[in-house]
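Enquirer: Provided herewith: structure-v2.csv, CSV, C-alpha atoms.
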```
chain,number,residue,atom,x,y,z
Z,266,MET,CA,-4.2,-32.6,-42.5
Z,267,PRO,CA,-7.5,-30.7,-41.7
Z,268,VAL,CA,-9.0,-31.3,-38.3
Z,269,PRO,CA,-12.3,-33.3,-38.2
Z,270,VAL,CA,-13.9,-31.0,-35.7
Z,271,PRO,CA,-15.6,-27.6,-36.4
Z,272,VAL,CA,-12.8,-25.1,-35.7
Z,273,PRO,CA,-15.1,-22.4,-34.0
Z,274,LEU,CA,-16.4,-25.1,-31.6
Z,275,LEU,CA,-12.8,-26.2,-30.8
Z,276,PHE,CA,-11.8,-22.6,-30.3
Z,277,TRP,CA,-14.6,-21.7,-27.8
Z,278,ILE,CA,-14.1,-25.0,-25.9
Z,279,CYS,CA,-10.4,-24.2,-25.5
Z,280,ILE,CA,-11.1,-20.5,-24.6
Z,281,THR,CA,-13.6,-21.7,-21.9
Z,282,LEU,CA,-11.1,-24.2,-20.5
Z,283,VAL,CA,-8.3,-21.6,-20.4
Z,284,VAL,CA,-10.3,-18.8,-18.9
Z,285,VAL,CA,-12.0,-20.9,-16.2
Z,286,ALA,CA,-8.7,-22.6,-15.3
Z,287,GLN,CA,-6.9,-19.2,-15.1
Z,288,LEU,CA,-9.7,-17.8,-12.8
Z,289,LEU,CA,-9.5,-20.9,-10.6
Z,290,ILE,CA,-5.7,-20.4,-10.4
Z,291,LEU,CA,-6.3,-16.8,-9.3
Z,292,ARG,CA,-8.9,-17.8,-6.7
Z,293,SER,CA,-6.5,-20.4,-5.3
Z,294,THR,CA,-3.6,-17.9,-5.2
Z,295,VAL,CA,-5.7,-15.3,-3.4
Z,296,ARG,CA,-7.0,-17.9,-0.9
Z,297,ALA,CA,-3.3,-19.0,-0.3
Z,298,MET,CA,-2.2,-15.3,0.2
Z,299,ARG,CA,-5.1,-14.6,2.6
Z,300,ALA,CA,-4.1,-17.7,4.6
Z,301,SER,CA,-0.5,-16.7,4.9
Z,302,SER,CA,0.6,-14.0,7.4
Z,303,SER,CA,2.6,-11.9,5.0
Z,304,ALA,CA,2.6,-8.0,5.2
Z,305,SER,CA,0.3,-6.0,3.0
Z,306,ALA,CA,3.2,-4.7,0.8
Z,307,ARG,CA,4.2,-8.3,0.2
Z,308,ARG,CA,0.6,-9.1,-0.7
Z,309,THR,CA,0.5,-6.4,-3.3
Z,310,ILE,CA,3.6,-7.8,-5.0
Z,311,GLU,CA,2.1,-11.3,-4.9
Z,312,TRP,CA,-1.0,-9.9,-6.5
Z,313,ALA,CA,1.0,-8.4,-9.3
Z,314,TYR,CA,2.8,-11.7,-9.8
Z,315,ALA,CA,-0.6,-13.4,-10.1
Z,316,VAL,CA,-2.1,-10.8,-12.5
Z,317,VAL,CA,0.8,-10.4,-14.9
Z,318,PRO,CA,0.5,-13.8,-16.6
Z,319,MET,CA,-3.3,-13.3,-16.8
Z,320,VAL,CA,-2.8,-10.0,-18.7
Z,321,VAL,CA,-0.3,-11.6,-21.1
Z,322,LEU,CA,-2.6,-14.5,-21.7
Z,323,ALA,CA,-5.6,-12.2,-22.3
Z,324,VAL,CA,-3.6,-10.3,-25.0
Z,325,VAL,CA,-2.6,-13.6,-26.7
Z,326,LEU,CA,-6.2,-14.9,-26.6
Z,327,VAL,CA,-7.5,-11.8,-28.4
Z,328,ALA,CA,-4.7,-12.2,-31.0
Z,329,THR,CA,-5.7,-15.9,-31.3
Z,330,TRP,CA,-9.4,-14.9,-31.9
Z,331,GLN,CA,-8.4,-12.6,-34.7
Z,332,ALA,CA,-6.0,-15.2,-36.2
Z,333,SER,CA,-8.6,-17.9,-35.9
Z,334,ARG,CA,-11.2,-15.7,-37.7
Z,335,ASP,CA,-8.8,-14.9,-40.5
Z,336,HIS,CA,-8.0,-18.6,-40.9
Z,337,GLY,CA,-11.7,-19.4,-41.1
Z,338,THR,CA,-12.3,-16.7,-43.7
Z,339,ARG,CA,-9.3,-18.0,-45.8
Z,340,GLN,CA,-10.7,-21.5,-45.6
Z,341,ASP,CA,-14.2,-20.3,-46.7
Z,342,MET,CA,-12.7,-18.4,-49.7
Z,343,GLU,CA,-10.6,-21.5,-50.7
Z,344,ALA,CA,-13.7,-23.7,-50.5
Z,345,ARG,CA,-15.7,-21.3,-52.6
Z,346,ALA,CA,-12.9,-21.0,-55.2
Z,347,ASN,CA,-12.7,-24.8,-55.4
Z,348,GLN,CA,-16.5,-25.0,-55.9
Z,349,THR,CA,-16.3,-22.4,-58.7
Z,350,SER,CA,-13.5,-24.1,-60.5
Z,351,ALA,CA,-15.2,-27.5,-60.2
Z,352,SER,CA,-18.5,-26.2,-61.6
O,52,MET,CA,39.0,-55.4,-6.2
O,53,THR,CA,37.7,-56.9,-9.4
O,54,ALA,CA,38.4,-55.4,-12.8
O,55,ASP,CA,34.8,-54.4,-13.1
O,56,THR,CA,34.8,-52.5,-9.8
O,57,ALA,CA,38.0,-50.7,-10.8
O,58,ALA,CA,36.5,-49.7,-14.1
O,59,THR,CA,33.3,-48.4,-12.5
O,60,MET,CA,35.3,-46.3,-10.0
O,61,ALA,CA,37.5,-44.9,-12.7
O,62,VAL,CA,34.3,-43.9,-14.6
O,63,ARG,CA,32.7,-42.2,-11.6
O,64,GLU,CA,35.9,-40.5,-10.2
O,65,PRO,CA,35.5,-36.7,-10.4
O,66,SER,CA,37.5,-34.9,-13.0
O,67,LEU,CA,37.6,-31.3,-14.2
O,68,ALA,CA,36.0,-32.2,-17.5
O,69,ARG,CA,33.2,-34.1,-15.8
O,70,ASP,CA,32.6,-31.2,-13.4
O,71,LEU,CA,32.5,-28.7,-16.2
O,72,ILE,CA,29.9,-30.8,-18.0
O,73,ALA,CA,28.0,-31.2,-14.7
O,74,LEU,CA,27.9,-27.4,-14.3
O,75,THR,CA,25.9,-27.1,-17.5
O,76,LYS,CA,23.2,-29.6,-16.2
O,77,PRO,CA,23.3,-31.8,-19.4
O,78,ARG,CA,20.2,-33.8,-18.5
O,79,ILE,CA,18.0,-30.6,-18.2
O,80,ILE,CA,19.6,-29.2,-21.3
O,81,SER,CA,18.6,-32.2,-23.4
O,82,LEU,CA,14.9,-31.2,-23.0
O,83,LEU,CA,15.7,-27.5,-23.6
O,84,LEU,CA,17.5,-28.5,-26.9
O,85,LEU,CA,14.6,-30.6,-28.0
O,86,THR,CA,12.2,-27.6,-27.4
O,87,THR,CA,14.7,-25.5,-29.4
O,88,LEU,CA,15.2,-27.8,-32.4
O,89,ALA,CA,11.7,-29.2,-32.8
O,90,PRO,CA,10.1,-25.7,-33.4
O,91,MET,CA,12.7,-25.2,-36.1
O,92,PHE,CA,11.0,-27.9,-38.1
O,93,VAL,CA,7.6,-26.3,-37.4
O,94,ALA,CA,8.8,-22.9,-38.5
O,95,GLY,CA,10.1,-24.2,-41.8
O,96,THR,CA,12.9,-26.3,-43.3
O,97,PRO,CA,16.1,-25.3,-41.6
O,98,SER,CA,19.5,-26.0,-43.2
O,99,TRP,CA,21.9,-28.5,-41.3
O,100,ALA,CA,24.3,-25.6,-40.6
O,101,VAL,CA,21.5,-23.5,-38.9
O,102,ILE,CA,20.4,-26.6,-36.9
O,103,LEU,CA,24.0,-27.3,-35.8
O,104,TRP,CA,24.9,-23.7,-34.8
O,105,THR,CA,21.5,-23.2,-33.0
O,106,GLY,CA,22.1,-26.5,-31.2
O,107,ILE,CA,25.6,-25.6,-30.1
O,108,GLY,CA,24.7,-22.0,-29.2
O,109,GLY,CA,21.6,-23.2,-27.3
O,110,TYR,CA,23.6,-25.7,-25.3
O,111,LEU,CA,26.3,-23.2,-24.4
O,112,MET,CA,23.8,-20.5,-23.4
O,113,ALA,CA,21.7,-22.8,-21.3
O,114,GLY,CA,24.9,-24.4,-19.8
O,115,GLY,CA,26.2,-20.9,-19.0
O,116,ALA,CA,23.0,-20.0,-17.3
O,117,ASN,CA,23.1,-23.2,-15.2
O,118,ALA,CA,26.7,-22.7,-14.2
O,119,VAL,CA,26.0,-19.1,-13.1
O,120,ASN,CA,22.9,-20.4,-11.2
O,121,MET,CA,25.1,-22.9,-9.3
O,122,TYR,CA,27.4,-19.9,-8.4
O,123,LEU,CA,24.5,-17.8,-7.1
O,124,ASP,CA,22.9,-20.8,-5.2
O,125,ARG,CA,26.2,-21.9,-3.7
O,126,ASP,CA,25.0,-20.9,-0.2
O,127,ILE,CA,22.0,-23.2,-0.3
O,128,ASP,CA,23.2,-26.0,-2.5
O,129,HIS,CA,25.1,-27.6,0.4
O,130,VAL,CA,22.0,-27.7,2.5
O,131,MET,CA,19.9,-29.7,0.1
O,132,ALA,CA,20.5,-33.4,-0.5
O,133,ARG,CA,19.6,-33.0,-4.2
O,134,THR,CA,22.4,-30.4,-4.8
O,135,ARG,CA,25.0,-31.3,-2.2
O,136,LEU,CA,27.2,-33.2,-4.6
O,137,ARG,CA,27.5,-30.3,-7.1
O,138,PRO,CA,31.1,-29.1,-7.9
O,139,ILE,CA,31.0,-26.0,-5.6
O,140,PRO,CA,29.4,-27.5,-2.4
O,141,SER,CA,31.5,-30.6,-2.6
O,142,GLY,CA,34.6,-28.4,-2.8
O,143,ARG,CA,35.8,-29.7,-6.2
O,144,MET,CA,35.6,-26.3,-7.9
O,145,ALA,CA,36.1,-22.7,-6.7
O,146,ALA,CA,33.0,-20.5,-6.9
O,147,ARG,CA,34.7,-17.8,-9.0
O,148,ALA,CA,36.0,-20.4,-11.5
O,149,VAL,CA,32.4,-21.6,-11.9
O,150,LEU,CA,31.1,-18.0,-12.5
O,151,ALA,CA,33.9,-17.4,-15.0
O,152,PHE,CA,33.1,-20.6,-16.9
O,153,GLY,CA,29.4,-19.8,-17.0
O,154,VAL,CA,29.9,-16.2,-18.3
O,155,ALA,CA,32.5,-17.4,-20.8
O,156,ILE,CA,30.4,-20.0,-22.5
O,157,ALA,CA,27.3,-17.8,-22.5
O,158,THR,CA,29.4,-15.1,-24.2
O,159,ALA,CA,30.6,-17.6,-26.7
O,160,ALA,CA,27.0,-18.7,-27.3
O,161,THR,CA,25.9,-15.1,-28.0
O,162,TRP,CA,28.7,-14.6,-30.5
O,163,LEU,CA,28.1,-18.0,-32.2
O,164,LEU,CA,24.3,-17.4,-32.6
O,165,GLY,CA,24.7,-13.8,-33.7
O,166,HIS,CA,27.5,-14.6,-36.2
O,167,TYR,CA,26.3,-17.9,-37.7
O,168,VAL,CA,22.5,-17.7,-37.2
O,169,ASN,CA,21.0,-14.2,-36.7
O,170,VAL,CA,21.0,-11.3,-34.2
O,171,LEU,CA,17.4,-11.9,-33.1
O,172,THR,CA,18.2,-15.6,-32.2
O,173,ALA,CA,21.2,-14.4,-30.2
O,174,ALA,CA,19.2,-11.7,-28.5
O,175,LEU,CA,16.4,-14.1,-27.5
O,176,ALA,CA,18.9,-16.7,-26.2
O,177,LEU,CA,20.6,-14.0,-24.2
O,178,SER,CA,17.3,-12.8,-22.8
O,179,GLY,CA,16.6,-16.3,-21.6
O,180,PHE,CA,20.0,-16.3,-19.9
O,181,TYR,CA,19.3,-13.0,-18.2
O,182,PHE,CA,15.8,-14.0,-17.2
O,183,TYR,CA,17.0,-17.3,-15.6
O,184,VAL,CA,20.0,-15.7,-13.8
O,185,PHE,CA,18.6,-12.3,-12.7
O,186,VAL,CA,14.8,-12.6,-12.6
O,187,TYR,CA,14.4,-16.2,-11.5
O,188,THR,CA,17.5,-17.1,-9.5
O,189,GLN,CA,18.4,-13.7,-8.0
O,190,TRP,CA,14.9,-12.2,-7.6
O,191,LEU,CA,12.0,-14.6,-7.6
O,192,LYS,CA,13.4,-17.9,-6.3
O,193,ARG,CA,13.9,-16.9,-2.7
O,194,THR,CA,11.2,-14.3,-2.4
O,195,THR,CA,7.8,-15.7,-3.6
O,196,PRO,CA,6.0,-19.0,-3.7
O,197,GLN,CA,5.1,-18.0,-7.3
O,198,ASN,CA,8.8,-18.3,-8.2
O,199,ILE,CA,8.1,-21.3,-10.4
O,200,VAL,CA,5.1,-19.7,-12.2
O,201,LEU,CA,7.0,-16.6,-13.3
O,202,GLY,CA,10.4,-18.3,-13.5
O,203,GLY,CA,8.9,-20.7,-16.0
O,204,ALA,CA,9.4,-18.0,-18.6
O,205,ALA,CA,13.1,-18.7,-18.4
O,206,GLY,CA,12.7,-22.2,-19.7
O,207,ALA,CA,10.2,-21.1,-22.3
O,208,PHE,CA,12.7,-19.1,-24.4
O,209,PRO,CA,14.1,-22.1,-26.4
O,210,PRO,CA,11.2,-22.4,-28.9
O,211,LEU,CA,11.4,-18.7,-29.6
O,212,VAL,CA,15.2,-19.1,-30.2
O,213,GLY,CA,14.5,-22.1,-32.6
O,214,TRP,CA,11.7,-20.3,-34.4
O,215,ALA,CA,13.7,-17.1,-34.9
O,216,ALA,CA,16.7,-19.1,-36.1
O,217,VAL,CA,14.6,-20.3,-39.1
O,218,ASN,CA,12.2,-17.3,-39.7
O,219,GLY,CA,14.1,-14.4,-38.3
O,220,ARG,CA,11.0,-13.3,-36.4
O,221,VAL,CA,8.7,-14.1,-33.5
O,222,ASP,CA,5.0,-14.6,-34.3
O,223,LEU,CA,1.8,-15.9,-32.7
O,224,ALA,CA,2.6,-19.6,-33.3
O,225,SER,CA,6.0,-19.2,-31.6
O,226,ILE,CA,4.4,-17.3,-28.7
O,227,TYR,CA,2.1,-20.3,-28.2
O,228,LEU,CA,5.1,-22.6,-27.9
O,229,PHE,CA,6.5,-20.2,-25.3
O,230,LEU,CA,3.2,-20.2,-23.4
O,231,ILE,CA,2.9,-24.0,-23.5
O,232,ILE,CA,6.3,-24.4,-21.7
O,233,PHE,CA,5.4,-21.5,-19.4
O,234,TYR,CA,2.1,-23.2,-18.3
O,235,TRP,CA,3.7,-26.7,-18.3
O,236,THR,CA,6.3,-25.6,-15.7
O,237,PRO,CA,4.1,-25.4,-12.5
O,238,PRO,CA,2.6,-28.9,-12.7
O,239,HIS,CA,5.9,-30.3,-13.7
O,240,PHE,CA,8.1,-28.6,-11.1
O,241,TRP,CA,5.5,-28.6,-8.2
O,242,ALA,CA,5.3,-32.4,-8.5
O,243,LEU,CA,9.0,-32.4,-7.6
O,244,ALA,CA,8.6,-29.7,-5.0
O,245,LEU,CA,5.9,-31.7,-3.3
O,246,ILE,CA,8.3,-34.6,-2.9
O,247,LYS,CA,11.3,-32.4,-1.9
O,248,GLN,CA,9.4,-29.8,0.1
O,249,HIS,CA,11.5,-30.5,3.3
O,250,ASP,CA,14.7,-30.1,1.4
O,251,TYR,CA,13.5,-26.7,0.1
O,252,GLY,CA,12.2,-25.8,3.5
O,253,ARG,CA,15.7,-26.4,5.1
O,254,ALA,CA,17.3,-24.2,2.4
O,255,GLY,CA,14.7,-21.4,3.0
O,256,VAL,CA,13.4,-21.5,-0.6
O,257,PRO,CA,9.7,-20.5,-0.4
O,258,MET,CA,8.3,-23.2,-2.7
O,259,ALA,CA,4.5,-23.3,-3.1
O,260,PRO,CA,4.0,-26.6,-1.0
O,261,ASN,CA,6.0,-25.0,1.9
O,262,ILE,CA,4.1,-21.7,1.9
O,263,TRP,CA,0.6,-22.5,0.5
O,264,GLY,CA,0.5,-26.1,1.7
O,265,GLU,CA,0.1,-29.3,-0.2
O,266,HIS,CA,-3.7,-29.0,-0.8
O,267,GLU,CA,-3.5,-25.6,-2.5
O,268,THR,CA,-0.4,-26.6,-4.6
O,269,ILE,CA,-2.1,-29.8,-5.8
O,270,ASP,CA,-5.2,-27.8,-6.7
O,271,GLN,CA,-3.2,-25.3,-8.7
O,272,MET,CA,-1.3,-28.2,-10.5
O,273,LEU,CA,-4.7,-29.4,-11.6
O,274,TRP,CA,-5.9,-26.0,-12.9
O,275,TYR,CA,-2.6,-25.4,-14.7
O,276,THR,CA,-2.9,-28.8,-16.4
O,277,VAL,CA,-6.4,-28.0,-17.6
O,278,LEU,CA,-5.2,-24.6,-18.9
O,279,LEU,CA,-2.2,-26.3,-20.5
O,280,ILE,CA,-4.5,-28.7,-22.4
O,281,GLY,CA,-6.6,-25.8,-23.7
O,282,LEU,CA,-3.5,-23.9,-24.8
O,283,THR,CA,-1.9,-26.8,-26.6
O,284,VAL,CA,-5.1,-27.2,-28.7
O,285,LEU,CA,-5.6,-23.5,-29.6
O,286,PRO,CA,-2.8,-23.3,-32.3
O,287,VAL,CA,-5.0,-25.9,-34.3
O,288,THR,CA,-7.7,-23.3,-34.5
O,289,PHE,CA,-5.6,-20.9,-36.6
O,290,GLY,CA,-4.1,-23.5,-38.9
O,291,VAL,CA,-0.6,-24.1,-37.4
O,292,PHE,CA,-1.2,-27.8,-36.7
O,293,GLY,CA,-3.6,-30.5,-37.9
O,294,THR,CA,-5.2,-33.7,-36.8
O,295,PHE,CA,-2.0,-35.7,-35.9
O,296,TYR,CA,-0.9,-32.9,-33.5
O,297,LEU,CA,-4.5,-32.4,-32.1
O,298,ALA,CA,-4.8,-36.1,-31.3
O,299,SER,CA,-1.3,-36.2,-29.7
O,300,ALA,CA,-2.0,-33.1,-27.6
O,301,LEU,CA,-5.3,-34.5,-26.3
O,302,VAL,CA,-3.9,-38.0,-25.5
O,303,LEU,CA,-0.8,-36.6,-23.8
O,304,GLY,CA,-2.8,-33.9,-22.0
O,305,GLY,CA,-5.3,-36.6,-20.9
O,306,ILE,CA,-2.6,-38.8,-19.4
O,307,LEU,CA,-1.0,-35.8,-17.6
O,308,LEU,CA,-4.4,-34.7,-16.2
O,309,GLN,CA,-5.1,-38.2,-15.0
O,310,GLY,CA,-1.8,-38.3,-13.1
O,311,VAL,CA,-2.4,-35.0,-11.4
O,312,TRP,CA,-6.0,-36.0,-10.6
O,313,ARG,CA,-4.6,-39.1,-8.9
O,314,ILE,CA,-2.3,-37.1,-6.7
O,315,ARG,CA,-5.3,-35.0,-5.7
O,316,ALA,CA,-7.5,-38.0,-5.0
O,317,LEU,CA,-4.9,-39.7,-2.9
O,318,ALA,CA,-4.2,-36.5,-0.9
O,319,ALA,CA,-7.9,-35.9,-0.4
O,320,ARG,CA,-8.2,-39.5,1.1
O,321,GLY,CA,-5.1,-38.9,3.3
O,322,GLU,CA,-3.2,-41.6,1.4
O,323,LEU,CA,0.4,-41.6,0.4
O,324,TRP,CA,0.8,-39.6,-2.9
O,325,THR,CA,4.6,-39.6,-3.2
O,326,ALA,CA,4.8,-42.3,-5.9
O,327,ALA,CA,2.0,-40.6,-7.9
O,328,ALA,CA,3.9,-37.3,-7.7
O,329,TRP,CA,7.1,-39.0,-9.0
O,330,LYS,CA,5.1,-40.5,-11.9
O,331,VAL,CA,3.7,-37.0,-12.8
O,332,TYR,CA,7.1,-35.4,-12.6
O,333,LYS,CA,8.7,-38.1,-14.8
O,334,PHE,CA,5.8,-38.2,-17.3
O,335,SER,CA,5.6,-34.4,-17.6
O,336,LEU,CA,9.2,-34.6,-19.0
O,337,LEU,CA,8.1,-37.2,-21.6
O,338,TYR,CA,4.9,-35.2,-22.2
O,339,LEU,CA,6.8,-32.1,-23.3
O,340,ALA,CA,9.3,-34.0,-25.4
O,341,LEU,CA,6.5,-36.0,-27.2
O,342,LEU,CA,4.3,-32.9,-27.7
O,343,PHE,CA,7.1,-31.0,-29.4
O,344,VAL,CA,8.0,-34.1,-31.5
O,345,ALA,CA,4.3,-34.3,-32.5
O,346,MET,CA,4.4,-30.6,-33.6
O,347,ALA,CA,7.4,-31.3,-35.9
O,348,VAL,CA,5.9,-34.5,-37.3
O,349,ASP,CA,2.5,-32.9,-37.9
O,350,ARG,CA,4.0,-30.2,-40.1
O,351,HIS,CA,5.7,-32.7,-42.3
O,352,ILE,CA,2.8,-35.2,-42.9
```
Write out the structure in this file as structure tokens.
Expert:
Amino acid sequence: MPVPVPVPLLFWICITLVVVAQLLILRSTVRAMRASSSASARRTIEWAYAVVPMVVLAVVLVATWQASRDHGTRQDMEARANQTSAS
Amino acid sequence: MTADTAATMAVREPSLARDLIALTKPRIISLLLLTTLAPMFVAGTPSWAVILWTGIGGYLMAGGANAVNMYLDRDIDHVMARTRLRPIPSGRMAARAVLAFGVAIATAATWLLGHYVNVLTAALALSGFYFYVFVYTQWLKRTTPQNIVLGGAAGAFPPLVGWAAVNGRVDLASIYLFLIIFYWTPPHFWALALIKQHDYGRAGVPMAPNIWGEHETIDQMLWYTVLLIGLTVLPVTFGVFGTFYLASALVLGGILLQGVWRIRALAARGELWTAAAWKVYKFSLLYLALLFVAMAVDRHI
């Protein structure tokens, strides 16, 4: 069943939510790390733990952007084909 | 002693069979199985044989991982009230027997999945086993308050297993199912960790509430829930799901967000938030189950 919301709008709302939330998670993690009295080597590792999911997420979001664009193009082509066959 | 009391005692009396089942953590596996089987119906139309073998293989692999986890955590399980009655700390089973049982059923699962389903499915299930045992239990769990965040990947393998069982590959849609479970894990598990933080503290497990404090943990639960809602909707934008799933994801996500927001509001006012955290913990289980059911239903309407 097709969604009743413009897909590009839905896409950018979701991207905004995901990116803002991920940045707030990072800010909160950094704040928590600064507040704790762990050694600097430990902090570097904790930094890496916080950044790895962000990098993976960024790669997936880029792939999603391409997939979403391809999906939109396919839908446009189908709509045009339907119009042509109807006329 | 009445007949009823005697019957109840007979049912609850420990037995080897009951302990072996307990080692696999069947209640946790029921959700893992749902998140394995539902994606199979999203990926395509699986045969009954593939569903059966994937289900059996998935149960044995997850059960094996849970048994090995109990072996590795045997030094702290007796400290925590939540885990004190497990077969090893209660003295009902020898630690080595538990390890052998876990490795044996995980090996059987690898063979079953590789032989009756496909090699990729077996490899993904085995990767989940290794991740849970070595990366989460042995490495992250006792060293970082971000143990649950990264360790969430272990519980996120089932949809990849189910997807690969039907399609023989992993693609963007299946990676989304993985990410949904990955980002669902912190708000789900931290709700429990908030309630059991003293238990974890006694065992020396550095859970986020013990290291970062309640305020920072609850804040992160909120941001993870917001991120999760965005992630659950994104597959709609490239045509994997339609309106039914979109509505389900938004309603379920809204309820989860409201629950986490309530914990935060109660904590900010200095009021007791334990009941609200329990509600979030329990609802988050239902949330994931219903979300995955909605995915399967959406693909077939």
Enquirer: Residues of chain O within 7 Å of chain Z: nearest atom pair and distance (Å, one decimal) for each, counting only C-alpha atoms, sorted by chain and number, as a Markdown table?
Expert:
```
| residue | atom | partner | partner_atom | distance |
| --- | --- | --- | --- | --- |
| O:Trp263 | CA | Z:Ala297 | CA | 5.3 |
| O:Glu267 | CA | Z:Ser293 | CA | 6.6 |
| O:Gln271 | CA | Z:Ile290 | CA | 5.8 |
| O:Trp274 | CA | Z:Ala286 | CA | 5.0 |
| O:Tyr275 | CA | Z:Ala286 | CA | 6.7 |
| O:Val277 | CA | Z:Ala286 | CA | 6.3 |
| O:Leu278 | CA | Z:Val283 | CA | 4.6 |
| O:Gly281 | CA | Z:Cys279 | CA | 4.5 |
| O:Leu282 | CA | Z:Val283 | CA | 6.9 |
| O:Val284 | CA | Z:Cys279 | CA | 6.9 |
| O:Leu285 | CA | Z:Phe276 | CA | 6.3 |
| O:Thr288 | CA | Z:Val272 | CA | 5.5 |
| O:Phe289 | CA | Z:Ser333 | CA | 4.3 |
| O:Gly290 | CA | Z:His336 | CA | 6.6 |
| O:Gly293 | CA | Z:Met266 | CA | 5.1 |
| O:Thr294 | CA | Z:Val268 | CA | 4.7 |
```
Enquirer: What is the distance, in Å and to one decimal place, between CA of Val130 (chain O) and CA of Tyr251 (chain O)?
Expert: 8.9 Å
Enquirer: O:Trp214, O:Tyr227, O:Phe208, O:Trp235: which is nearest Met112 (chain O), counting only C-alpha atoms?
Expert: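 Among O:Trp214, O:Tyr227, O:Phe208, O:Trp235, it is O:Phe208 that comes nearest to Met112 (chain O).
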Enquirer: Would you compute the distance between CA of Gly252 (chain O) and CA of Arg133 (chain O)? Give it in Å to one decimal.
Expert: 12.9 Å
Enquirer: What lies within 12 Å of region 318-325 of chain O using all atoms listed in the file, ignoring chain neighbours under 2 positions off, as a list of chain:residue names?
Expert: O:Ala242, O:Leu243, O:Ala244, O:Leu245, O:Ile246, O:Lys247, O:Gln248, O:Gly264, O:Glu265, O:His266, O:Glu267, O:Thr268, O:Ile269, O:Asp270, O:Gly310, O:Val311, O:Trp312, O:Arg313, O:Ile314, O:Arg315, O:Ala316, O:Ala327, O:Ala328, O:Trp329, O:Lys330, O:Val331, O:Tyr332
Enquirer: Report, in Å with one decimal, the straight-line distance from CA of Leu303 (chain O) to CA of Tyr338 (chain O).
Expert: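 So the two atoms, CA of Leu303 (chain O) and CA of Tyr338 (chain O), lie 6.1 Å apart.
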Enquirer: So which residues touch Arg253 (chain O) within 12 Å, counting all atoms listed in the file, skipping near sequence neighbours fewer than 4 positions away, as an MDAnalysis selection string?
Expert: chainID O and resid 127:132 247:249 257:258 261
Enquirer: Rank O:Met121, O:Ala345, O:Val149, O:Leu211 by their smallest atom-to-atom distance to Ile226 (chain O), using only C-alpha atoms, and report the top residue only.
Expert: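 Checking each candidate against Ile226 (chain O), we get O:Leu211 as the closest.
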Enquirer: Can you tell me, as an MDAnalysis selection string, what residues are no more than 9 Å from region 143-148 of chain O when counting only C-alpha atoms, ignoring any on the same chain fewer than 5 positions away?
Expert: chainID O and resid 65:67 70 121:123 125 137:138 153
Enquirer: Mind checking which residues fall within 7 Å of Asp349 (chain O), counting all atoms listed in the file, ignoring those fewer than 5 positions away in the same chain, and posting them as a PyMOL selection string?
Expert: chain O and resi 292-293+295-296
Enquirer: Hey, which of Z:Arg308, Z:Arg339, Z:Val324, Z:Ala351 ends up closest to Thr195 (chain O)? Count all atoms listed in the file.
Expert: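 Smallest separation from Thr195 (chain O) among the options: Z:Arg308.
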Enquirer: Within 9 Å of region 154-163 of chain O, counting all atoms listed in the file, which residues qualify if same-chain residues fewer than 6 places away don't, as a PyMOL selection string?
Expert: chain O and resi 104-105+107-116+118-119+170+172-174+176-177+180
Enquirer: Please complete region 333-340 of chain Z so it has N, CA, C and O atoms, and hand it over as a CSV table (one decimal), in the coordinates of the input.
Expert:
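selection03.csv, written as the output of this step:
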```csv
chain,number,residue,atom,x,y,z
Z,333,SER,N,-7.7,-16.8,-35.7
Z,333,SER,CA,-8.6,-17.9,-35.9
Z,333,SER,C,-9.7,-17.5,-36.9
Z,333,SER,O,-10.1,-18.3,-37.8
Z,334,ARG,N,-10.2,-16.3,-36.8
Z,334,ARG,CA,-11.2,-15.7,-37.7
Z,334,ARG,C,-10.7,-15.6,-39.1
Z,334,ARG,O,-11.3,-15.9,-40.1
Z,335,ASP,N,-9.5,-15.1,-39.2
Z,335,ASP,CA,-8.8,-14.9,-40.5
Z,335,ASP,C,-8.6,-16.3,-41.1
Z,335,ASP,O,-8.8,-16.4,-42.3
Z,336,HIS,N,-8.2,-17.3,-40.3
Z,336,HIS,CA,-8.0,-18.6,-40.9
Z,336,HIS,C,-9.3,-19.2,-41.4
Z,336,HIS,O,-9.4,-19.8,-42.5
Z,337,GLY,N,-10.4,-18.9,-40.7
Z,337,GLY,CA,-11.7,-19.4,-41.1
Z,337,GLY,C,-12.2,-18.8,-42.4
Z,337,GLY,O,-12.7,-19.4,-43.3
Z,338,THR,N,-11.9,-17.4,-42.5
Z,338,THR,CA,-12.3,-16.7,-43.7
Z,338,THR,C,-11.5,-17.2,-44.9
Z,338,THR,O,-12.0,-17.4,-46.0
Z,339,ARG,N,-10.2,-17.5,-44.7
Z,339,ARG,CA,-9.3,-18.0,-45.8
Z,339,ARG,C,-9.8,-19.4,-46.2
Z,339,ARG,O,-9.9,-19.6,-47.4
Z,340,GLN,N,-10.2,-20.2,-45.3
Z,340,GLN,CA,-10.7,-21.5,-45.6
Z,340,GLN,C,-12.0,-21.5,-46.4
Z,340,GLN,O,-12.2,-22.2,-47.4
```
